[in-house]
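**Student:** Have a look at this one.
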Amino acid sequence: MFDLSVVAFDGRWLLVDESEGELGEYATKDEALKAAGDFAVLDREPRHVLIQDDVGEWDETIVEPPLMH
């Protein structure tokens with residue numbers, strides 16, 4: 001169900017795909033989640049994303065694809 005994760009690592013946020021590995025590195029969690037939303041465009045469906053903060057706690061969120069104009 002979760003194929004994307006946003007993980008805090010050494011002062012930065014990584015966007016990680018279950019099968020592809022690391023997709024990008026971002027300064028903030030919000031930037032990483034926005035990038036996860038860009039992947040939602042591919043199938044035009046909301047994506048469930050796991051989030052691991054810098055103390056190892058896990059959370060989850062749903063990221064909507066950006067609106068197409």
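Letters A, B, ... go to the chains of the structure tokens in the order shown; residues in each chain start at 1; ligands are counted from 1 in the same order.
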Considering only C-alpha atoms, give me a table of residues in range 19-69 of chain A that are at most 6 Å from range 5-12 of chain A, with the closest atom pair and distance in Å for each, as CSV.
**Tutor:**
```
residue,atom,partner,partner_atom,distance
A:Tyr26,CA,A:Arg12,CA,5.9
A:Ala27,CA,A:Arg12,CA,5.2
A:Val49,CA,A:Ser5,CA,5.3
A:Leu50,CA,A:Ser5,CA,4.6
A:Ile51,CA,A:Val6,CA,4.7
A:Gln52,CA,A:Val7,CA,4.7
A:Asp53,CA,A:Ala8,CA,5.1
A:Asp54,CA,A:Ala8,CA,5.0
```
**Student:** Restrict the selected residues to N, CA, C and O atoms and save them as an mmCIF file, in the first residue's frame.
**Tutor:**
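Produced file again_26.cif, reproduced below:
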```cif
data_model
loop_
_atom_site.group_PDB
_atom_site.id
_atom_site.type_symbol
_atom_site.label_atom_id
_atom_site.label_comp_id
_atom_site.auth_asym_id
_atom_site.auth_seq_id
_atom_site.Cartn_x
_atom_site.Cartn_y
_atom_site.Cartn_z
ATOM 1 N N TYR A 26 15.713 16.715 -0.075
ATOM 2 C CA TYR A 26 15.053 18.017 0.075
ATOM 3 C C TYR A 26 15.417 18.647 1.410
ATOM 4 O O TYR A 26 15.726 17.945 2.373
ATOM 5 N N ALA A 27 15.346 19.957 1.465
ATOM 6 C CA ALA A 27 15.686 20.695 2.682
ATOM 7 C C ALA A 27 14.608 20.578 3.753
ATOM 8 O O ALA A 27 14.905 20.627 4.944
ATOM 9 N N VAL A 49 1.789 7.990 1.830
ATOM 10 C CA VAL A 49 3.216 8.187 2.042
ATOM 11 C C VAL A 49 3.530 7.982 3.523
ATOM 12 O O VAL A 49 2.873 8.563 4.386
ATOM 13 N N LEU A 50 4.525 7.145 3.810
ATOM 14 C CA LEU A 50 5.039 6.999 5.165
ATOM 15 C C LEU A 50 6.047 8.101 5.424
ATOM 16 O O LEU A 50 6.815 8.470 4.529
ATOM 17 N N ILE A 51 6.058 8.618 6.648
ATOM 18 C CA ILE A 51 6.981 9.687 7.027
ATOM 19 C C ILE A 51 7.710 9.246 8.291
ATOM 20 O O ILE A 51 7.080 8.897 9.280
ATOM 21 N N GLN A 52 9.048 9.255 8.235
ATOM 22 C CA GLN A 52 9.849 8.953 9.412
ATOM 23 C C GLN A 52 10.619 10.202 9.800
ATOM 24 O O GLN A 52 11.417 10.718 9.016
ATOM 25 N N ASP A 53 10.397 10.690 11.032
ATOM 26 C CA ASP A 53 11.088 11.897 11.461
ATOM 27 C C ASP A 53 12.490 11.568 11.967
ATOM 28 O O ASP A 53 12.919 10.413 11.964
ATOM 29 N N ASP A 54 13.185 12.596 12.421
ATOM 30 C CA ASP A 54 14.586 12.421 12.810
ATOM 31 C C ASP A 54 14.789 11.674 14.124
ATOM 32 O O ASP A 54 15.918 11.338 14.467
#
```
**Student:** Among chain A, which residues does DSSP mark as helix (DSSP H, G or I) when it is run on the backbone? Keep the chain and numbering as in the structure and answer as number ranges by chain.
**Tutor:** A: 29-43
**Student:** Next, the residues of the selection above should be written as a PDB file, in the first residue's frame with N, CA and C atoms.
**Tutor:**
```pdb
ATOM      1  N   LYS A  29      10.565  18.799   4.993  1.00  0.00           N
ATOM      2  CA  LYS A  29       9.576  17.739   4.817  1.00  0.00           C
ATOM      3  C   LYS A  29       8.514  18.158   3.812  1.00  0.00           C
ATOM      4  N   ASP A  30       8.091  19.412   3.856  1.00  0.00           N
ATOM      5  CA  ASP A  30       7.070  19.892   2.920  1.00  0.00           C
ATOM      6  C   ASP A  30       7.523  19.786   1.469  1.00  0.00           C
ATOM      7  N   GLU A  31       8.800  20.094   1.213  1.00  0.00           N
ATOM      8  CA  GLU A  31       9.329  19.973  -0.150  1.00  0.00           C
ATOM      9  C   GLU A  31       9.321  18.514  -0.604  1.00  0.00           C
ATOM     10  N   ALA A  32       9.676  17.613   0.299  1.00  0.00           N
ATOM     11  CA  ALA A  32       9.682  16.189  -0.036  1.00  0.00           C
ATOM     12  C   ALA A  32       8.266  15.678  -0.297  1.00  0.00           C
ATOM     13  N   LEU A  33       7.303  16.142   0.492  1.00  0.00           N
ATOM     14  CA  LEU A  33       5.911  15.726   0.274  1.00  0.00           C
ATOM     15  C   LEU A  33       5.365  16.302  -1.030  1.00  0.00           C
ATOM     16  N   LYS A  34       5.769  17.518  -1.388  1.00  0.00           N
ATOM     17  CA  LYS A  34       5.354  18.088  -2.671  1.00  0.00           C
ATOM     18  C   LYS A  34       5.894  17.219  -3.810  1.00  0.00           C
ATOM     19  N   ALA A  35       7.131  16.793  -3.700  1.00  0.00           N
ATOM     20  CA  ALA A  35       7.711  15.917  -4.717  1.00  0.00           C
ATOM     21  C   ALA A  35       6.960  14.590  -4.786  1.00  0.00           C
ATOM     22  N   ALA A  36       6.531  14.068  -3.652  1.00  0.00           N
ATOM     23  CA  ALA A  36       5.724  12.838  -3.642  1.00  0.00           C
ATOM     24  C   ALA A  36       4.420  13.073  -4.390  1.00  0.00           C
ATOM     25  N   GLY A  37       3.843  14.264  -4.247  1.00  0.00           N
ATOM     26  CA  GLY A  37       2.629  14.605  -4.983  1.00  0.00           C
ATOM     27  C   GLY A  37       2.849  14.607  -6.481  1.00  0.00           C
ATOM     28  N   ASP A  38       4.040  14.986  -6.909  1.00  0.00           N
ATOM     29  CA  ASP A  38       4.348  14.959  -8.338  1.00  0.00           C
ATOM     30  C   ASP A  38       4.294  13.530  -8.879  1.00  0.00           C
ATOM     31  N   PHE A  39       4.653  12.556  -8.065  1.00  0.00           N
ATOM     32  CA  PHE A  39       4.562  11.164  -8.487  1.00  0.00           C
ATOM     33  C   PHE A  39       3.106  10.708  -8.560  1.00  0.00           C
ATOM     34  N   ALA A  40       2.230  11.345  -7.798  1.00  0.00           N
ATOM     35  CA  ALA A  40       0.811  11.005  -7.835  1.00  0.00           C
ATOM     36  C   ALA A  40       0.190  11.364  -9.180  1.00  0.00           C
ATOM     37  N   VAL A  41       0.812  12.288  -9.907  1.00  0.00           N
ATOM     38  CA  VAL A  41       0.316  12.679 -11.224  1.00  0.00           C
ATOM     39  C   VAL A  41       0.356  11.490 -12.181  1.00  0.00           C
ATOM     40  N   LEU A  42       1.339  10.643 -12.008  1.00  0.00           N
ATOM     41  CA  LEU A  42       1.529   9.524 -12.929  1.00  0.00           C
ATOM     42  C   LEU A  42       0.311   8.629 -13.029  1.00  0.00           C
ATOM     43  N   ASP A  43      -0.328   8.361 -11.898  1.00  0.00           N
ATOM     44  CA  ASP A  43      -1.518   7.509 -11.941  1.00  0.00           C
ATOM     45  C   ASP A  43      -2.789   8.269 -11.568  1.00  0.00           C
TER      46      ASP A  43
END
```
